[in-house]
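So this one's start.tsv, TSV, C-alpha atoms:
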chain	number	residue	atom	x	y	z
A	4	MET	CA	-6.25	-76.69	176.87
A	5	LEU	CA	-5.64	-73.46	174.92
A	6	LYS	CA	-6.91	-70.13	176.15
A	7	ASP	CA	-9.17	-67.89	174.10
A	8	LYS	CA	-7.76	-66.07	171.08
A	9	PRO	CA	-5.53	-63.08	171.89
A	10	ILE	CA	-7.04	-59.64	172.30
A	11	VAL	CA	-5.33	-57.81	169.48
A	12	ALA	CA	-4.47	-54.13	169.71
A	13	ALA	CA	-2.70	-51.93	167.18
A	14	GLY	CA	0.73	-53.23	166.23
A	15	ARG	CA	2.81	-54.04	163.21
A	16	PRO	CA	1.05	-56.28	160.69
A	17	GLY	CA	1.35	-59.99	161.38
A	18	HIS	CA	2.53	-59.58	164.98
A	19	PRO	CA	-0.27	-59.67	167.56
A	20	GLN	CA	-0.33	-57.23	170.44
A	21	LEU	CA	-2.24	-57.49	173.70
A	22	ALA	CA	-4.36	-54.57	174.89
A	23	LYS	CA	-3.54	-55.30	178.54
A	24	LEU	CA	-1.18	-57.41	180.60
A	25	PRO	CA	-2.39	-60.93	181.32
A	26	GLU	CA	-2.29	-62.44	184.80
A	27	TRP	CA	0.55	-64.83	185.66
A	28	PRO	CA	1.25	-67.07	188.66
A	29	ASP	CA	3.10	-65.77	191.74
A	30	ARG	CA	6.84	-66.47	191.86
A	31	THR	CA	7.12	-66.62	188.09
A	32	ILE	CA	10.61	-66.05	186.73
A	33	ALA	CA	10.82	-63.42	183.97
A	34	VAL	CA	13.68	-62.18	181.82
A	35	LEU	CA	14.51	-58.48	181.98
A	36	CYS	CA	16.38	-56.98	179.03
A	37	THR	CA	18.26	-53.68	179.20
A	38	THR	CA	20.66	-52.09	176.70
A	39	ASP	CA	23.92	-50.16	176.52
A	40	GLY	CA	24.91	-50.59	172.91
A	41	GLY	CA	23.71	-54.19	172.98
A	42	PRO	CA	21.07	-56.22	174.78
A	43	HIS	CA	21.62	-57.65	178.28
A	44	ALA	CA	19.19	-60.17	179.77
A	45	ILE	CA	18.86	-61.38	183.37
A	46	PRO	CA	16.26	-63.48	185.17
A	47	VAL	CA	14.15	-61.63	187.74
A	48	ALA	CA	12.10	-63.34	190.41
A	49	ALA	CA	8.42	-62.73	190.96
A	50	PRO	CA	7.40	-59.69	188.90
A	51	VAL	CA	4.15	-58.16	190.16
A	52	ARG	CA	1.34	-57.08	187.81
A	53	ALA	CA	0.40	-53.64	189.14
A	54	ASP	CA	-2.40	-52.99	186.64
A	55	ASP	CA	-3.18	-53.37	182.93
A	56	ARG	CA	-0.04	-51.45	181.90
A	57	ARG	CA	2.40	-51.54	184.85
A	58	ILE	CA	4.74	-54.20	186.23
A	59	LEU	CA	6.90	-53.97	189.35
A	60	VAL	CA	10.16	-55.88	189.83
A	61	SER	CA	12.89	-55.86	192.45
A	62	LEU	CA	16.53	-55.62	191.39
A	63	GLU	CA	19.54	-56.10	193.59
A	64	ARG	CA	21.33	-52.77	193.77
A	65	THR	CA	24.64	-54.30	192.57
A	66	ARG	CA	23.12	-55.51	189.27
A	67	GLY	CA	24.51	-54.12	186.04
A	68	SER	CA	20.94	-54.07	184.74
A	69	LEU	CA	20.06	-51.42	187.32
A	70	ALA	CA	22.97	-49.23	186.19
A	71	ARG	CA	21.91	-49.68	182.54
A	72	LEU	CA	18.29	-48.85	183.40
A	73	ARG	CA	19.43	-45.61	185.06
A	74	GLU	CA	21.23	-44.66	181.80
A	75	ASN	CA	18.56	-45.90	179.38
A	76	PRO	CA	15.08	-46.61	180.75
A	77	GLN	CA	13.92	-48.62	177.70
A	78	VAL	CA	13.40	-52.22	178.84
A	79	ALA	CA	11.71	-55.44	177.80
A	80	LEU	CA	10.34	-58.04	180.21
A	81	ALA	CA	9.55	-61.50	178.81
A	82	ILE	CA	7.22	-63.82	180.72
A	83	LEU	CA	6.46	-67.43	179.75
A	84	SER	CA	4.23	-69.10	182.29
A	85	GLY	CA	1.57	-71.68	182.95
A	86	GLY	CA	-1.94	-70.97	181.76
A	87	ASN	CA	-0.64	-70.25	178.25
A	88	VAL	CA	0.97	-66.94	179.21
A	89	ALA	CA	3.62	-65.90	176.69
A	90	PHE	CA	4.40	-62.22	176.12
A	91	THR	CA	7.02	-59.50	176.19
A	92	ALA	CA	6.19	-56.17	177.80
A	93	LEU	CA	8.14	-53.28	176.30
A	94	GLY	CA	8.34	-49.91	177.99
A	95	ARG	CA	10.22	-47.61	180.29
A	96	GLY	CA	11.57	-48.60	183.68
A	97	ARG	CA	11.88	-46.19	186.58
A	98	ILE	CA	12.99	-46.56	190.15
A	99	VAL	CA	10.11	-46.11	192.56
A	100	GLN	CA	11.92	-47.07	195.76
A	101	GLU	CA	15.72	-46.86	196.17
A	102	SER	CA	15.83	-49.17	199.20
A	103	MET	CA	12.97	-51.61	199.63
A	104	LEU	CA	11.48	-51.98	203.08
A	105	HIS	CA	12.79	-55.24	204.64
A	106	ALA	CA	15.20	-55.68	201.69
A	107	LEU	CA	17.60	-52.73	201.71
A	108	ASP	CA	19.89	-54.32	199.10
A	109	PHE	CA	17.05	-54.22	196.55
A	110	VAL	CA	15.52	-51.42	194.47
A	111	ALA	CA	11.86	-51.40	193.35
A	112	VAL	CA	11.47	-50.72	189.63
A	113	GLU	CA	8.22	-49.94	187.85
A	114	ILE	CA	7.88	-50.71	184.16
A	115	ASP	CA	5.40	-48.45	182.38
A	116	VAL	CA	4.33	-50.77	179.56
A	117	GLU	CA	3.95	-49.18	176.14
A	118	LYS	CA	3.51	-52.32	174.05
A	119	ILE	CA	2.76	-55.98	174.77
A	120	ASP	CA	3.93	-58.53	172.20
A	121	ASP	CA	1.76	-61.66	172.33
A	122	HIS	CA	3.88	-64.77	171.72
A	123	ARG	CA	1.07	-67.34	171.85
A	124	SER	CA	0.48	-69.39	168.71
A	125	PRO	CA	-2.57	-71.34	167.57
A	126	GLY	CA	-2.19	-75.01	168.40
A	127	VAL	CA	0.62	-74.40	170.90
A	128	ALA	CA	0.14	-73.81	174.64
A	129	VAL	CA	2.59	-72.91	177.38
A	130	GLU	CA	1.66	-75.42	180.09
A	131	SER	CA	4.11	-74.37	182.76
A	132	GLY	CA	6.80	-71.84	183.42
A	133	VAL	CA	9.77	-71.45	185.70
A	134	ARG	CA	8.98	-70.56	189.30
A	135	VAL	CA	11.41	-69.62	192.04
A	136	GLN	CA	11.77	-71.43	195.36
A	137	PHE	CA	14.55	-70.42	197.76
A	138	ALA	CA	15.65	-72.00	201.01
A	139	ASP	CA	14.82	-70.42	204.36
A	140	GLU	CA	16.02	-66.79	204.70
A	141	ALA	CA	16.21	-66.08	200.98
A	142	ASP	CA	12.62	-67.29	200.58
A	143	LEU	CA	11.48	-64.98	203.38
A	144	SER	CA	13.31	-62.10	201.71
A	145	LEU	CA	11.51	-62.80	198.42
A	146	GLU	CA	8.13	-62.87	200.16
A	147	LYS	CA	8.89	-59.50	201.79
A	148	ARG	CA	9.94	-58.01	198.44
A	149	ILE	CA	6.75	-59.29	196.79
A	150	ALA	CA	4.68	-57.73	199.59
A	151	VAL	CA	6.44	-54.37	199.14
A	152	LEU	CA	5.88	-54.47	195.37
A	153	ARG	CA	2.19	-55.25	195.84
A	154	GLU	CA	1.87	-52.38	198.32
A	155	LEU	CA	3.59	-50.03	195.83
A	156	SER	CA	1.24	-51.18	193.06
A	157	GLU	CA	-1.77	-50.26	195.17
A	158	ARG	CA	-0.32	-46.87	196.11
A	159	GLU	CA	0.86	-45.91	192.63
A	160	GLY	CA	-2.24	-47.16	190.76

Would you put the structure from the file into structure tokens?
Amino acid sequence: MLKDKPIVAAGRPGHPQLAKLPEWPDRTIAVLCTTDGGPHAIPVAAPVRADDRRILVSLERTRGSLARLRENPQVALAILSGGNVAFTALGRGRIVQESMLHALDFVAVEIDVEKIDDHRSPGVAVESGVRVQFADEADLSLEKRIAVLRELSEREG
């Protein structure tokens, strides 16, 4: 079943924009794009919707994407998920916690969303997306990172 028509905000003609971030399921996998003369894309596990215009993600501190984000904060985060969620959030990323509680090898990054491209199309629905499931300790680590990101979203909002 298709969701209601998109809420369209100002954007370039012919390309719908969303006024606010939609909700998406926990443990959704997203694709984070950074640049340094060219685009670089990596999957990120379990982005957290902080509010209508902020998303929090955790990045391993050894990731090249983190180094690129420090040099150029312009990022794009694409999410395709169940419930007919299909969008790219464009904005600026900033580090809000250098070492995440319970996950010292990870950095918490907040994306201040400036524009939300709506990728839904009439007559087409995204029925499911990619979700992450780790084994044992890695799964526990992800749950702890998600909890820290949710706590940061409440504090920062």

Given all atoms listed in the file as the counted atoms, nearest of A:Trp27, A:Asp54, A:Leu35, A:Ala89 to A:Asp121: A:Ala89

Pairwise distance for atom CA of A:Val60 and atom CA of A:Gln20, rounded to one decimal in Å: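 Atom CA of A:Val60 sits 22.1 Å away from atom CA of A:Gln20.
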
Dump as a CSV table (one decimal) with C-alpha atoms, in the coordinates of the input all residues having an atom at most 8 Å from (1.6, -56.2, 172.6), computed in the file's coordinates with only C-alpha atoms.
chain,number,residue,atom,x,y,z
A,11,VAL,CA,-5.3,-57.8,169.5
A,12,ALA,CA,-4.5,-54.1,169.7
A,14,GLY,CA,0.7,-53.2,166.2
A,19,PRO,CA,-0.3,-59.7,167.6
A,20,GLN,CA,-0.3,-57.2,170.4
A,21,LEU,CA,-2.2,-57.5,173.7
A,22,ALA,CA,-4.4,-54.6,174.9
A,23,LYS,CA,-3.5,-55.3,178.5
A,90,PHE,CA,4.4,-62.2,176.1
A,91,THR,CA,7.0,-59.5,176.2
A,92,ALA,CA,6.2,-56.2,177.8
A,118,LYS,CA,3.5,-52.3,174.0
A,119,ILE,CA,2.8,-56.0,174.8
A,120,ASP,CA,3.9,-58.5,172.2
A,121,ASP,CA,1.8,-61.7,172.3

So which residues touch A:Asp29 within 10 Å, counting only C-alpha atoms, skipping near sequence neighbours fewer than 2 positions away, as a PDB file with C-alpha atoms, in the frame of the given file?
ATOM      1  CA  GLU A  26      -2.290 -62.440 184.800  1.00  0.00           C
ATOM      2  CA  TRP A  27       0.550 -64.830 185.660  1.00  0.00           C
ATOM      3  CA  THR A  31       7.120 -66.620 188.090  1.00  0.00           C
ATOM      4  CA  ILE A  32      10.610 -66.050 186.730  1.00  0.00           C
ATOM      5  CA  ALA A  48      12.100 -63.340 190.410  1.00  0.00           C
ATOM      6  CA  ALA A  49       8.420 -62.730 190.960  1.00  0.00           C
ATOM      7  CA  PRO A  50       7.400 -59.690 188.900  1.00  0.00           C
ATOM      8  CA  VAL A  51       4.150 -58.160 190.160  1.00  0.00           C
ATOM      9  CA  ARG A  52       1.340 -57.080 187.810  1.00  0.00           C
ATOM     10  CA  ARG A 134       8.980 -70.560 189.300  1.00  0.00           C
ATOM     11  CA  VAL A 135      11.410 -69.620 192.040  1.00  0.00           C
ATOM     12  CA  ILE A 149       6.750 -59.290 196.790  1.00  0.00           C
TER      13      ILE A 149
END

Atom CA of A:Asp55 to atom CA of A:Arg148, straight-line distance in Å: 20.8 Å

One-decimal distance in Å that lies between atom CA of A:Val151 and atom CA of A:Ile58: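 Taking atom CA of A:Ile58 as the start and atom CA of A:Val151 as the end point, the length is 13.0 Å.
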
Contacts of A:Val78 at 8 Å (only C-alpha atoms; same-chain gap of 5+ positions) as a PyMOL selection string: chain A and resi 35-38+72+93-96+114

Closest of A:Arg73, A:Ser61, A:Val112, A:Val99 to A:Ser144 - atom-to-atom distances counting only C-alpha atoms: A:Ser61

Neighbourhood query: residues within 12 Å of (2.3, -75.4, 180.9), file coordinates, counting only C-alpha atoms; return as a tab-separated table (two decimals) with C-alpha atoms, keeping the file's coordinate frame.
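Generated output (selection.tsv):
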chain	number	residue	atom	x	y	z
A	4	MET	CA	-6.25	-76.69	176.87
A	5	LEU	CA	-5.64	-73.46	174.92
A	6	LYS	CA	-6.91	-70.13	176.15
A	27	TRP	CA	0.55	-64.83	185.66
A	28	PRO	CA	1.25	-67.07	188.66
A	83	LEU	CA	6.46	-67.43	179.75
A	84	SER	CA	4.23	-69.10	182.29
A	85	GLY	CA	1.57	-71.68	182.95
A	86	GLY	CA	-1.94	-70.97	181.76
A	87	ASN	CA	-0.64	-70.25	178.25
A	88	VAL	CA	0.97	-66.94	179.21
A	89	ALA	CA	3.62	-65.90	176.69
A	127	VAL	CA	0.62	-74.40	170.90
A	128	ALA	CA	0.14	-73.81	174.64
A	129	VAL	CA	2.59	-72.91	177.38
A	130	GLU	CA	1.66	-75.42	180.09
A	131	SER	CA	4.11	-74.37	182.76
A	132	GLY	CA	6.80	-71.84	183.42
A	133	VAL	CA	9.77	-71.45	185.70
A	134	ARG	CA	8.98	-70.56	189.30

Counting all atoms listed in the file, the residue of A:Ile45, A:Val110, A:Ala150, A:Ala79 that sits nearest A:Arg30: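 Using all atoms listed in the file, A:Arg30 sits closest to A:Ala150.
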
Minimum-distance residue to A:Gly41, chosen among A:Arg158, A:Arg97, A:Arg71, A:Lys147 (using all atoms listed in the file):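 For A:Gly41, the nearest of the candidates is A:Arg71.
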